[in-house]
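Undergrad: What follows is the file upload.tsv, containing TSV, C-alpha atoms and all ligand atoms:
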chain	number	residue	atom	x	y	z
A	1	MET	CA	-69.38	-26.58	-44.45
A	2	ILE	CA	-67.52	-29.72	-43.33
A	3	THR	CA	-64.08	-29.77	-41.79
A	4	VAL	CA	-62.34	-32.98	-40.82
A	5	LYS	CA	-58.92	-32.92	-39.16
A	6	ASP	CA	-56.69	-35.90	-38.50
A	7	LEU	CA	-59.72	-38.13	-38.01
A	8	ARG	CA	-59.11	-41.64	-36.68
A	9	LYS	CA	-61.26	-44.60	-35.78
A	10	ASP	CA	-59.79	-47.76	-34.33
A	11	PHE	CA	-61.88	-50.89	-33.89
A	12	ILE	CA	-60.56	-53.21	-31.21
A	13	LYS	CA	-61.16	-56.93	-31.31
A	14	TYR	CA	-59.92	-59.62	-28.97
A	15	GLU	CA	-58.78	-62.79	-30.61
A	16	ARG	CA	-60.49	-65.88	-29.23
A	17	LYS	CA	-58.84	-69.25	-29.30
A	18	PRO	CA	-61.12	-72.15	-30.21
A	19	GLY	CA	-62.44	-74.67	-27.66
A	20	LEU	CA	-63.25	-74.34	-23.97
A	21	ILE	CA	-59.67	-74.26	-22.74
A	22	GLY	CA	-58.84	-71.84	-25.51
A	23	SER	CA	-61.62	-69.48	-24.50
A	24	ILE	CA	-60.55	-69.64	-20.85
A	25	LYS	CA	-56.99	-68.84	-21.89
A	26	SER	CA	-58.21	-66.03	-24.14
A	27	PHE	CA	-60.15	-64.62	-21.22
A	28	PHE	CA	-56.94	-63.97	-19.32
A	29	ASN	CA	-54.56	-63.00	-22.08
A	30	ALA	CA	-56.51	-62.36	-25.24
A	31	LYS	CA	-54.55	-60.93	-28.10
A	32	LYS	CA	-55.74	-57.43	-28.93
A	33	ILE	CA	-56.28	-56.75	-32.61
A	34	ILE	CA	-56.66	-53.15	-33.68
A	35	THR	CA	-58.17	-52.23	-37.04
A	36	LYS	CA	-57.33	-48.69	-38.02
A	37	ALA	CA	-60.48	-48.21	-40.10
A	38	VAL	CA	-59.84	-44.47	-40.48
A	39	ASP	CA	-56.24	-43.49	-40.00
A	40	GLY	CA	-55.60	-39.76	-39.97
A	41	VAL	CA	-57.97	-38.33	-42.56
A	42	SER	CA	-58.28	-34.57	-43.14
A	43	PHE	CA	-60.42	-32.72	-45.66
A	44	THR	CA	-62.66	-29.71	-46.14
A	45	ILE	CA	-65.89	-29.62	-48.10
A	46	ASN	CA	-67.47	-26.34	-49.12
A	47	GLU	CA	-71.14	-25.47	-49.31
A	48	GLY	CA	-72.77	-26.71	-52.51
A	49	GLU	CA	-70.03	-29.15	-53.43
A	50	ILE	CA	-70.73	-32.75	-54.45
A	51	VAL	CA	-67.73	-34.80	-53.41
A	52	GLY	CA	-67.19	-38.47	-54.24
A	53	TYR	CA	-65.61	-40.43	-51.40
A	54	ILE	CA	-64.29	-43.54	-53.07
A	55	GLY	CA	-61.96	-46.43	-52.35
A	56	PRO	CA	-61.79	-50.22	-52.38
A	57	ASN	CA	-63.83	-52.46	-50.04
A	58	GLY	CA	-62.89	-51.98	-46.41
A	59	ALA	CA	-61.12	-48.66	-47.10
A	60	GLY	CA	-62.94	-46.86	-44.29
A	61	LYS	CA	-65.59	-44.98	-46.27
A	62	SER	CA	-68.68	-46.05	-44.34
A	63	THR	CA	-66.83	-45.58	-41.05
A	64	THR	CA	-66.06	-41.97	-42.03
A	65	ILE	CA	-69.67	-41.32	-43.05
A	66	LYS	CA	-70.93	-42.78	-39.77
A	67	MET	CA	-68.66	-40.42	-37.83
A	68	LEU	CA	-69.83	-37.44	-39.91
A	69	ALA	CA	-73.43	-38.40	-39.18
A	70	GLY	CA	-72.71	-38.73	-35.46
A	71	ILE	CA	-73.50	-42.47	-35.39
A	72	LEU	CA	-69.93	-43.38	-34.41
A	73	THR	CA	-67.61	-41.47	-32.09
A	74	PRO	CA	-64.11	-40.84	-33.44
A	75	THR	CA	-61.12	-42.34	-31.62
A	76	SER	CA	-59.37	-39.00	-32.15
A	77	GLY	CA	-59.34	-36.00	-34.43
A	78	SER	CA	-62.02	-33.42	-35.05
A	79	ILE	CA	-65.13	-33.04	-37.18
A	80	LEU	CA	-67.25	-29.97	-37.72
A	81	VAL	CA	-70.43	-30.31	-39.75
A	82	ASN	CA	-72.03	-26.90	-40.28
A	83	GLY	CA	-70.44	-25.75	-37.02
A	84	ILE	CA	-71.59	-28.79	-35.03
A	85	VAL	CA	-69.53	-31.61	-33.56
A	86	PRO	CA	-71.69	-34.55	-34.70
A	87	ALA	CA	-70.86	-37.05	-31.95
A	88	LYS	CA	-71.53	-34.43	-29.22
A	89	ASP	CA	-74.70	-32.99	-30.67
A	90	ARG	CA	-76.37	-35.75	-32.63
A	91	ILE	CA	-79.85	-34.29	-32.57
A	92	ARG	CA	-78.92	-30.81	-33.75
A	93	ASN	CA	-76.70	-32.41	-36.39
A	94	ALA	CA	-79.61	-34.56	-37.53
A	95	PHE	CA	-81.61	-31.49	-38.53
A	96	ASN	CA	-78.82	-30.39	-40.87
A	97	ILE	CA	-78.13	-33.69	-42.52
A	98	GLY	CA	-79.86	-36.37	-44.55
A	99	VAL	CA	-78.36	-39.83	-44.61
A	100	VAL	CA	-78.81	-42.79	-46.92
A	101	PHE	CA	-77.08	-46.08	-46.31
A	102	GLY	CA	-77.72	-48.09	-49.45
A	103	GLN	CA	-77.03	-51.31	-47.58
A	104	ARG	CA	-79.59	-50.68	-44.91
A	105	THR	CA	-82.90	-48.82	-44.75
A	106	GLN	CA	-83.57	-45.98	-42.36
A	107	LEU	CA	-87.31	-46.49	-42.65
A	108	TRP	CA	-89.74	-48.31	-40.40
A	109	TRP	CA	-89.77	-51.84	-41.71
A	110	ASP	CA	-93.37	-52.82	-40.96
A	111	LEU	CA	-95.10	-49.52	-41.59
A	112	PRO	CA	-96.60	-48.51	-44.92
A	113	LEU	CA	-94.21	-46.06	-46.55
A	114	ASN	CA	-96.58	-43.07	-46.30
A	115	GLU	CA	-96.72	-43.48	-42.52
A	116	SER	CA	-92.94	-43.36	-42.35
A	117	PHE	CA	-93.10	-40.04	-44.19
A	118	THR	CA	-95.78	-38.72	-41.82
A	119	ILE	CA	-93.62	-39.60	-38.82
A	120	LEU	CA	-90.55	-37.94	-40.36
A	121	LYS	CA	-92.65	-34.85	-41.10
A	122	GLU	CA	-93.50	-34.58	-37.39
A	123	ILE	CA	-89.96	-35.33	-36.17
A	124	TYR	CA	-88.45	-32.66	-38.39
A	125	ASN	CA	-91.28	-30.11	-38.07
A	126	VAL	CA	-91.89	-29.93	-41.80
A	127	SER	CA	-94.81	-27.61	-42.57
A	128	GLU	CA	-97.88	-28.97	-44.34
A	129	ALA	CA	-97.16	-26.86	-47.43
A	130	ASP	CA	-93.50	-27.96	-47.67
A	131	PHE	CA	-94.52	-31.56	-47.10
A	132	LYS	CA	-97.02	-31.46	-49.95
A	133	GLU	CA	-94.60	-29.78	-52.32
A	134	ARG	CA	-91.76	-32.19	-51.57
A	135	MET	CA	-93.92	-35.30	-51.81
A	136	LYS	CA	-95.06	-34.04	-55.20
A	137	PHE	CA	-91.44	-33.58	-56.26
A	138	PHE	CA	-90.45	-37.05	-55.01
A	139	ASN	CA	-93.29	-38.52	-56.97
A	140	GLU	CA	-92.29	-36.66	-60.12
A	141	ILE	CA	-88.66	-37.72	-60.00
A	142	LEU	CA	-88.74	-40.99	-58.04
A	143	ASP	CA	-92.25	-42.24	-58.77
A	144	ILE	CA	-92.90	-42.78	-55.07
A	145	ASN	CA	-96.69	-42.88	-55.24
A	146	SER	CA	-96.77	-46.19	-57.07
A	147	PHE	CA	-95.70	-47.96	-53.86
A	148	ILE	CA	-96.41	-45.45	-51.10
A	149	LYS	CA	-99.06	-47.59	-49.40
A	150	SER	CA	-96.90	-50.72	-49.19
A	151	PRO	CA	-95.04	-51.69	-46.04
A	152	VAL	CA	-91.33	-51.01	-46.44
A	153	ARG	CA	-90.45	-54.67	-46.01
A	154	THR	CA	-92.38	-55.55	-49.16
A	155	LEU	CA	-90.61	-53.02	-51.39
A	156	SER	CA	-88.11	-54.10	-54.01
A	157	LEU	CA	-84.52	-52.93	-53.53
A	158	GLY	CA	-84.92	-50.17	-56.10
A	159	GLN	CA	-88.20	-48.95	-54.60
A	160	ARG	CA	-86.74	-49.01	-51.11
A	161	MET	CA	-83.71	-46.98	-52.16
A	162	ARG	CA	-85.94	-44.38	-53.80
A	163	ALA	CA	-88.00	-44.26	-50.61
A	164	ASP	CA	-84.84	-43.90	-48.53
A	165	ILE	CA	-83.51	-40.97	-50.51
A	166	ALA	CA	-86.91	-39.27	-50.39
A	167	ALA	CA	-86.97	-39.78	-46.60
A	168	ALA	CA	-83.48	-38.31	-46.30
A	169	LEU	CA	-84.54	-35.26	-48.31
A	170	LEU	CA	-87.91	-34.63	-46.66
A	171	HIS	CA	-86.59	-32.01	-44.21
A	172	ASN	CA	-84.49	-30.41	-46.97
A	173	PRO	CA	-81.17	-30.88	-45.16
A	174	LYS	CA	-78.18	-28.65	-45.89
A	175	ILE	CA	-75.95	-31.69	-46.19
A	176	LEU	CA	-76.49	-35.15	-47.64
A	177	PHE	CA	-74.41	-38.18	-46.76
A	178	LEU	CA	-75.01	-40.92	-49.28
A	179	ASP	CA	-73.30	-44.24	-48.69
A	180	GLU	CA	-73.74	-46.28	-51.88
A	181	PRO	CA	-77.09	-44.72	-52.87
A	182	THR	CA	-77.19	-46.48	-56.25
A	183	ILE	CA	-76.18	-49.98	-55.18
A	184	GLY	CA	-78.28	-52.62	-56.92
A	185	LEU	CA	-80.34	-50.13	-58.92
A	186	ASP	CA	-81.20	-50.67	-62.57
A	187	VAL	CA	-79.99	-48.17	-65.15
A	188	VAL	CA	-83.18	-46.08	-65.15
A	189	ALA	CA	-83.42	-46.01	-61.35
A	190	LYS	CA	-79.77	-44.92	-61.17
A	191	MET	CA	-80.46	-42.06	-63.54
A	192	LYS	CA	-83.45	-40.97	-61.46
A	193	MET	CA	-81.43	-41.13	-58.27
A	194	ARG	CA	-78.70	-38.99	-59.82
A	195	GLU	CA	-81.32	-36.56	-61.11
A	196	ALA	CA	-82.79	-36.17	-57.63
A	197	ILE	CA	-79.33	-35.50	-56.14
A	198	LYS	CA	-78.47	-32.98	-58.87
A	199	HIS	CA	-81.80	-31.21	-58.48
A	200	MET	CA	-81.40	-30.78	-54.71
A	201	ASN	CA	-77.84	-29.59	-55.14
A	202	LYS	CA	-78.78	-27.01	-57.78
A	203	THR	CA	-81.95	-25.73	-56.17
A	204	PHE	CA	-80.87	-25.61	-52.51
A	205	MET	CA	-77.04	-25.61	-52.71
A	206	THR	CA	-77.18	-28.92	-50.83
A	207	THR	CA	-73.70	-30.17	-49.98
A	208	VAL	CA	-73.25	-33.85	-50.81
A	209	ILE	CA	-70.75	-36.52	-49.87
A	210	LEU	CA	-71.27	-39.69	-51.81
A	211	THR	CA	-69.59	-43.06	-51.60
A	212	THR	CA	-70.03	-45.42	-54.50
A	213	HIS	CA	-68.37	-48.18	-56.48
A	214	ASP	CA	-70.09	-46.95	-59.64
A	215	LEU	CA	-67.75	-44.46	-61.23
A	216	ASP	CA	-70.51	-43.25	-63.54
A	217	ASP	CA	-72.12	-41.76	-60.42
A	218	ILE	CA	-68.89	-39.87	-59.87
A	219	GLU	CA	-68.51	-38.73	-63.47
A	220	GLU	CA	-72.09	-37.49	-63.55
A	221	LEU	CA	-72.25	-35.84	-60.17
A	222	CYS	CA	-68.94	-35.01	-58.55
A	223	SER	CA	-66.70	-32.04	-59.10
A	224	ARG	CA	-64.08	-33.57	-56.85
A	225	ILE	CA	-63.14	-36.95	-55.44
A	226	ILE	CA	-61.39	-38.02	-52.29
A	227	MET	CA	-59.93	-41.50	-52.63
A	228	ILE	CA	-59.04	-43.48	-49.55
A	229	ASP	CA	-57.44	-46.83	-48.92
A	230	LYS	CA	-56.61	-48.52	-45.63
A	231	GLY	CA	-57.96	-45.51	-43.77
A	232	LYS	CA	-55.70	-42.98	-45.47
A	233	ILE	CA	-56.34	-40.46	-48.23
A	234	MET	CA	-54.43	-41.50	-51.31
A	235	TYR	CA	-55.77	-38.96	-53.78
A	236	GLU	CA	-57.75	-35.75	-53.72
A	237	GLY	CA	-58.69	-33.86	-56.86
A	238	SER	CA	-60.78	-34.16	-59.99
A	239	LEU	CA	-61.41	-37.21	-62.14
A	240	ASP	CA	-59.93	-35.29	-65.05
A	241	GLU	CA	-56.61	-35.04	-63.23
A	242	ILE	CA	-56.60	-38.81	-62.74
A	243	LYS	CA	-57.24	-39.22	-66.45
A	244	ASP	CA	-54.35	-36.89	-67.16
A	245	VAL	CA	-51.89	-38.52	-64.82
A	246	TYR	CA	-52.82	-42.17	-65.41
A	247	GLY	CA	-54.76	-42.19	-68.64
A	248	TYR	CA	-52.34	-40.50	-71.00
A	249	MET	CA	-51.98	-43.47	-73.37
A	250	LYS	CA	-54.41	-43.38	-76.30
A	251	THR	CA	-55.05	-46.17	-78.74
A	252	ILE	CA	-55.87	-45.86	-82.43
A	253	LYS	CA	-57.01	-48.87	-84.41
A	254	PHE	CA	-56.77	-48.80	-88.20
A	255	GLU	CA	-58.70	-51.26	-90.32
A	256	CYS	CA	-56.68	-51.58	-93.52
A	257	ALA	CA	-57.54	-52.87	-97.00
A	258	GLU	CA	-54.94	-55.61	-96.88
A	259	ALA	CA	-52.77	-57.45	-94.35
A	260	VAL	CA	-50.33	-55.15	-92.54
A	261	GLU	CA	-46.97	-55.43	-90.81
A	262	VAL	CA	-45.73	-53.34	-87.91
A	263	PRO	CA	-44.30	-50.14	-89.40
A	264	ASP	CA	-40.95	-48.61	-88.52
A	265	LEU	CA	-41.98	-45.91	-86.03
A	266	SER	CA	-38.56	-44.27	-85.74
A	267	PRO	CA	-39.49	-41.26	-87.93
A	268	LEU	CA	-41.85	-40.21	-85.12
A	269	GLY	CA	-38.89	-40.12	-82.73
A	270	LEU	CA	-40.42	-41.46	-79.51
A	271	ALA	CA	-39.36	-44.15	-77.04
A	272	PRO	CA	-41.34	-47.46	-77.00
A	273	ALA	CA	-42.97	-46.50	-73.68
A	274	ASP	CA	-44.59	-43.54	-75.45
A	275	LEU	CA	-45.31	-45.14	-78.79
A	276	SER	CA	-45.82	-48.73	-79.91
A	277	ALA	CA	-47.60	-50.63	-82.68
A	278	GLU	CA	-49.14	-54.05	-83.17
A	279	ALA	CA	-50.30	-55.69	-86.36
A	280	ASP	CA	-52.95	-58.40	-86.59
A	281	PHE	CA	-53.88	-59.33	-90.15
A	282	ARG	CA	-55.60	-56.17	-91.49
A	283	THR	CA	-55.71	-54.35	-88.14
A	284	LEU	CA	-52.96	-51.97	-87.10
A	285	THR	CA	-53.09	-50.81	-83.49
A	286	ILE	CA	-50.99	-47.88	-82.33
A	287	ARG	CA	-50.68	-46.86	-78.70
A	288	PHE	CA	-49.22	-43.45	-77.96
A	289	ASN	CA	-48.71	-40.88	-75.24
A	290	LYS	CA	-51.24	-38.12	-75.91
A	291	HIS	CA	-48.99	-35.54	-74.31
A	292	ARG	CA	-46.29	-36.27	-76.88
A	293	LEU	CA	-48.23	-36.80	-80.10
A	294	ASN	CA	-51.68	-36.04	-81.34
A	295	VAL	CA	-54.14	-38.13	-83.29
A	296	SER	CA	-53.55	-36.27	-86.56
A	297	GLU	CA	-49.78	-36.85	-86.47
A	298	ILE	CA	-50.41	-40.58	-86.11
A	299	THR	CA	-53.07	-40.72	-88.79
A	300	ASP	CA	-50.88	-38.73	-91.23
A	301	PHE	CA	-48.10	-41.20	-90.63
A	302	VAL	CA	-50.31	-44.24	-91.16
A	303	LEU	CA	-52.30	-42.90	-94.14
A	304	LYS	CA	-49.07	-42.27	-96.04
A	305	ARG	CA	-48.11	-45.92	-95.67
A	306	TYR	CA	-51.35	-47.95	-95.73
A	307	LYS	CA	-54.70	-47.96	-97.42
A	308	VAL	CA	-57.03	-47.38	-94.48
A	309	LEU	CA	-60.73	-48.28	-94.56
A	310	ASP	CA	-61.73	-47.34	-91.05
A	311	MET	CA	-60.28	-46.12	-87.77
A	312	SER	CA	-61.23	-45.63	-84.12
A	313	VAL	CA	-59.61	-43.77	-81.23
A	314	SER	CA	-60.00	-44.85	-77.61
A	315	GLU	CA	-58.79	-43.90	-74.17
A	316	PRO	CA	-58.66	-46.22	-71.16
A	317	PRO	CA	-61.98	-46.15	-69.30
A	318	ILE	CA	-61.90	-44.44	-65.94
A	319	GLU	CA	-62.70	-47.79	-64.24
A	320	THR	CA	-59.41	-49.22	-65.45
A	321	LEU	CA	-57.46	-46.22	-64.21
A	322	VAL	CA	-59.07	-46.27	-60.79
A	323	ALA	CA	-58.68	-50.05	-60.52
A	324	ASN	CA	-54.98	-49.57	-61.24
A	325	ILE	CA	-54.65	-47.05	-58.45
A	326	TYR	CA	-56.54	-49.32	-56.03
A	327	GLU	CA	-54.28	-52.22	-56.97
A	328	THR	CA	-50.92	-50.52	-56.99
A	329	GLY	CA	-51.78	-48.21	-54.10
A	330	GLU	CA	-49.80	-45.59	-55.94
A	331	VAL	CA	-50.40	-42.09	-54.66
A	332	VAL	CA	-50.78	-39.30	-57.15
A	333	ALA	CA	-48.40	-36.48	-56.26
B	401	LIG	N1	-68.18	-52.12	-36.13
B	401	LIG	C1	-67.00	-52.58	-36.55
B	401	LIG	N2	-66.24	-53.38	-35.76
B	401	LIG	C2	-65.04	-53.82	-36.16
B	401	LIG	N3	-64.49	-53.53	-37.36
B	401	LIG	C3	-65.19	-52.74	-38.19
B	401	LIG	C4	-66.48	-52.22	-37.84
B	401	LIG	N4	-66.94	-51.48	-38.86
B	401	LIG	C5	-65.99	-51.52	-39.82
B	401	LIG	N5	-64.94	-52.27	-39.43
B	401	LIG	C6	-63.71	-52.52	-40.19
B	401	LIG	O1	-63.16	-51.27	-40.57
B	401	LIG	C7	-62.66	-51.29	-41.91
B	401	LIG	C8	-63.35	-50.23	-42.76
B	401	LIG	O2	-64.72	-50.61	-42.94
B	401	LIG	P1	-65.76	-49.68	-43.73
B	401	LIG	O3	-67.08	-50.28	-43.57
B	401	LIG	O4	-65.59	-48.27	-43.31
B	401	LIG	O5	-65.24	-49.86	-45.24
B	401	LIG	P2	-65.84	-49.28	-46.60
B	401	LIG	O6	-64.79	-48.42	-47.21
B	401	LIG	O7	-67.17	-48.69	-46.37
B	401	LIG	O8	-65.94	-50.60	-47.50
B	401	LIG	P3	-67.09	-51.10	-48.53
B	401	LIG	O9	-66.72	-50.50	-49.86
B	401	LIG	O10	-66.88	-52.58	-48.55
B	401	LIG	O11	-68.41	-50.68	-48.03
B	401	LIG	C9	-62.87	-52.72	-42.39
B	401	LIG	O12	-61.66	-53.42	-42.20
B	401	LIG	C10	-63.97	-53.25	-41.48
B	401	LIG	O13	-63.84	-54.65	-41.32
B	402	MG	MG	-69.10	-49.18	-46.96
Would you kindly transcribe this structure into structure tokens?
TA:
Amino acid sequence: MITVKDLRKDFIKYERKPGLIGSIKSFFNAKKIITKAVDGVSFTINEGEIVGYIGPNGAGKSTTIKMLAGILTPTSGSILVNGIVPAKDRIRNAFNIGVVFGQRTQLWWDLPLNESFTILKEIYNVSEADFKERMKFFNEILDINSFIKSPVRTLSLGQRMRADIAAALLHNPKILFLDEPTIGLDVVAKMKMREAIKHMNKTFMTTVILTTHDLDDIEELCSRIIMIDKGKIMYEGSLDEIKDVYGYMKTIKFECAEAVEVPDLSPLGLAPADLSAEADFRTLTIRFNKHRLNVSEITDFVLKRYKVLDMSVSEPPIETLVANIYETGEVVA
């Protein structure tokens, strides 16, 4: 459905020196600064997939989405969106895609929301029957009617985002590009947004690319993620694989009846990197590599030595794992 090959986008800036003399000097020999916002990205997305496009601030996510939507022209490389080159055929591309930029509305600022929908209906040739049915659906899931008569500029952020996604879905596009669709939404609004995306994907096999900093969006929606940093893909695969590769250390906390000391772990026969213990008054904490030992082996070991009142098992949250990858820039093989 979407093929991207060796895609690049350079932004060129000319450095200006301060002051009048500086700006005259800069006029003749300004230093050229090139930002490689997208630096050789390739991927394929199949029909009906929901793919999370994630990465730290400034990674090049929005720039990629803008090129896919035909808003920006690539410096080099190729893009095919449902057989169309977006930058060459913006209008035809527009009929296939729906776009939401969470940071900025696509709606007419001063018009009441319902008029925006009427205009979009005409632009995209949506039939009266489809229009009615979809508006009903948007109201059911996104509660649009409660603010449909208000001018867009008066809507709250959450209302505006719901309006934006409804506007992007009105012509039932084959492909959805969502750039931070849940930014600034409260918990309930986020759930509704995710529900709307899931529903469209299930009912119409809508293909979705989603950028977000909320990894719950990814866990709930995406079968696959593409992670980029500094314009380059650093990981492609499932969240589960990341958990497996980075999140293999589990922690068990035992609440004991009396004060404890760190036990001798040598009977378990593992190196400290794979197994370690900490004692803090009545709490014994054991960290272990889940590929080497399982929870029951650890609990057997501890229960034989201590009187345990309570225990809990935890794994590092996905946020921590992803933050580690962003920070270290380590690429998963
Ligand atoms: N129009 C532009 N002119 C010059 N530089 C730009 C332009 N748009 C983006 N950039 C630069 O390109 C890089 C990638 O920006 P982009 O907006 O794609 O990042 P992003 O991954 O969407 O980040 P965020 O998570 O903060 O939204 C940044 O260094 C940014 O400053
Ligand atoms: Mg962005």
Undergrad: Residues of segment 188-267 of chain A that approach segment 81-93 of chain A to 12 Å or less, counting only C-alpha atoms: could you list each one with the shortest pair of atoms and its distance in Å to one decimal, rows by chain and increasing residue number, as JSON lines?
TA:
{"residue": "A:Thr206", "atom": "CA", "partner": "A:Asn82", "partner_atom": "CA", "distance": 11.9}
{"residue": "A:Thr207", "atom": "CA", "partner": "A:Asn82", "partner_atom": "CA", "distance": 10.4}
{"residue": "A:Val208", "atom": "CA", "partner": "A:Val81", "partner_atom": "CA", "distance": 12.0}
{"residue": "A:Ile209", "atom": "CA", "partner": "A:Val81", "partner_atom": "CA", "distance": 11.9}
Undergrad: Could I get the residues of chain A with an atom no further than 6 Å from an atom of ligand LIG 401 (chain B), each paired with its nearest atom pair and that distance in Å to one decimal, using all atoms listed in the file, sorted by chain and residue number, as CSV?
TA:
residue,atom,partner,partner_atom,distance
A:Phe11,CA,B:LIG401,C2,4.9
A:Ala37,CA,B:LIG401,O1,4.1
A:Pro56,CA,B:LIG401,O9,5.5
A:Asn57,CA,B:LIG401,O10,3.4
A:Gly58,CA,B:LIG401,O5,3.4
A:Ala59,CA,B:LIG401,O6,3.7
A:Gly60,CA,B:LIG401,O4,3.2
A:Lys61,CA,B:LIG401,O6,3.7
A:Ser62,CA,B:LIG401,O7,3.7
A:Thr63,CA,B:LIG401,O4,3.7
Undergrad: What's the separation between atom CA of Leu170 of chain A and atom CA of Ile2 of chain A, in Å to one decimal place?
TA: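 Atom CA of Ile2 of chain A lies at a distance of 21.2 Å from atom CA of Leu170 of chain A.
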Undergrad: Could you pull the residues within 12 Å of segment 268-281 of chain A, counting only C-alpha atoms, minus those fewer than 5 positions along the same chain, as a ChimeraX atom specification?
TA: /A:248-263,286-294,297-302
Undergrad: Let me have all residues with an atom within 12 Å of ligand MG 402 (chain B), counting all atoms listed in the file, laid out as number ranges by chain.
TA: A: 37, 53-66, 100-104, 178-181, 183, 210-213, 228
Undergrad: Calculate how many Å separate atom CA of Gly48 of chain A from atom CA of Asn201 of chain A, rounding to one decimal.
TA: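 According to the coordinates, atom CA of Gly48 of chain A and atom CA of Asn201 of chain A are separated by 6.4 Å.
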Undergrad: Using all atoms listed in the file, find all polymer residues with an atom at most 12 Å away from the point (-84.6, -43.4, -62.9); report them as an MDAnalysis selection string.
TA: chainID A and resid 138:144 158:159 161:162 182 185:197
Undergrad: Just how far from atom CA of Ile97 of chain A is atom CA of Thr118 of chain A, in Å to one decimal?
TA: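 That distance, rounded to one decimal, is 18.4 Å.
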Undergrad: Which one is closest to Lys36 of chain A: A:Val126, A:Lys17, A:Lys232, A:Pro151? Count all atoms listed in the file.
TA: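 Once distances to Lys36 of chain A are computed over all atoms listed in the file, the minimum belongs to A:Lys232.
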Undergrad: Ranking A:Ala166, A:Leu111, A:Val152, A:Ile233 by minimum distance to Val99 of chain A and counting all atoms listed in the file, which one comes first?
TA: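 Of A:Ala166, A:Leu111, A:Val152, A:Ile233, the one nearest Val99 of chain A, counting all atoms listed in the file, is A:Ala166.
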Undergrad: Which of these residues is nearest to Ile119 of chain A, using all atoms listed in the file: A:Ala30, A:Phe137, A:Ser76, A:Ala167?
TA: A:Ala167
Undergrad: Can you list, as a PDB file with C-alpha atoms, keeping the file's coordinate frame, every protein, DNA or RNA residue that comes within 12 Å of Pro18 of chain A when you count all atoms listed in the file, leaving out same-chain residues fewer than 5 positions away?
TA:
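For reference, around.pdb as written:
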ATOM      1  CA  SER A  23     -61.620 -69.480 -24.500  1.00  0.00           C
ATOM      2  CA  ILE A  24     -60.550 -69.640 -20.850  1.00  0.00           C
ATOM      3  CA  LYS A  25     -56.990 -68.840 -21.890  1.00  0.00           C
ATOM      4  CA  SER A  26     -58.210 -66.030 -24.140  1.00  0.00           C
ATOM      5  CA  PHE A  27     -60.150 -64.620 -21.220  1.00  0.00           C
ATOM      6  CA  ALA A  30     -56.510 -62.360 -25.240  1.00  0.00           C
TER       7      ALA A  30
END
Undergrad: Nearest residue to Asp216 of chain A out of A:Val41, A:Ile165, A:Val245, A:Ile318, using only C-alpha atoms?
TA: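 Among the listed residues, A:Ile318 lies closest to Asp216 of chain A.
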Undergrad: Would you compute an axis-aligned box for segment 69-76 of chain A, covering every atom listed for it in the file with 8 Å of margin on each side, and report centre and edge lengths in Å to one decimal as AutoDock Vina command-line options?
TA:
--center_x -66.4 --center_y -40.9 --center_z -35.4 --size_x 30.1 --size_y 21.0 --size_z 23.6
Undergrad: Using all atoms listed in the file, which residue out of A:Val322, A:Met311, A:Ile123, A:Ile34 lies closest to Asp229 of chain A?
TA: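 Closest residue, counting all atoms listed in the file: A:Val322.
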Undergrad: For each of A:Lys304, A:Lys121, A:Arg153, A:Lys174, take the minimum atom-to-atom distance to Glu47 of chain A, counting all atoms listed in the file, then give the residue where this is smallest.
TA: A:Lys174
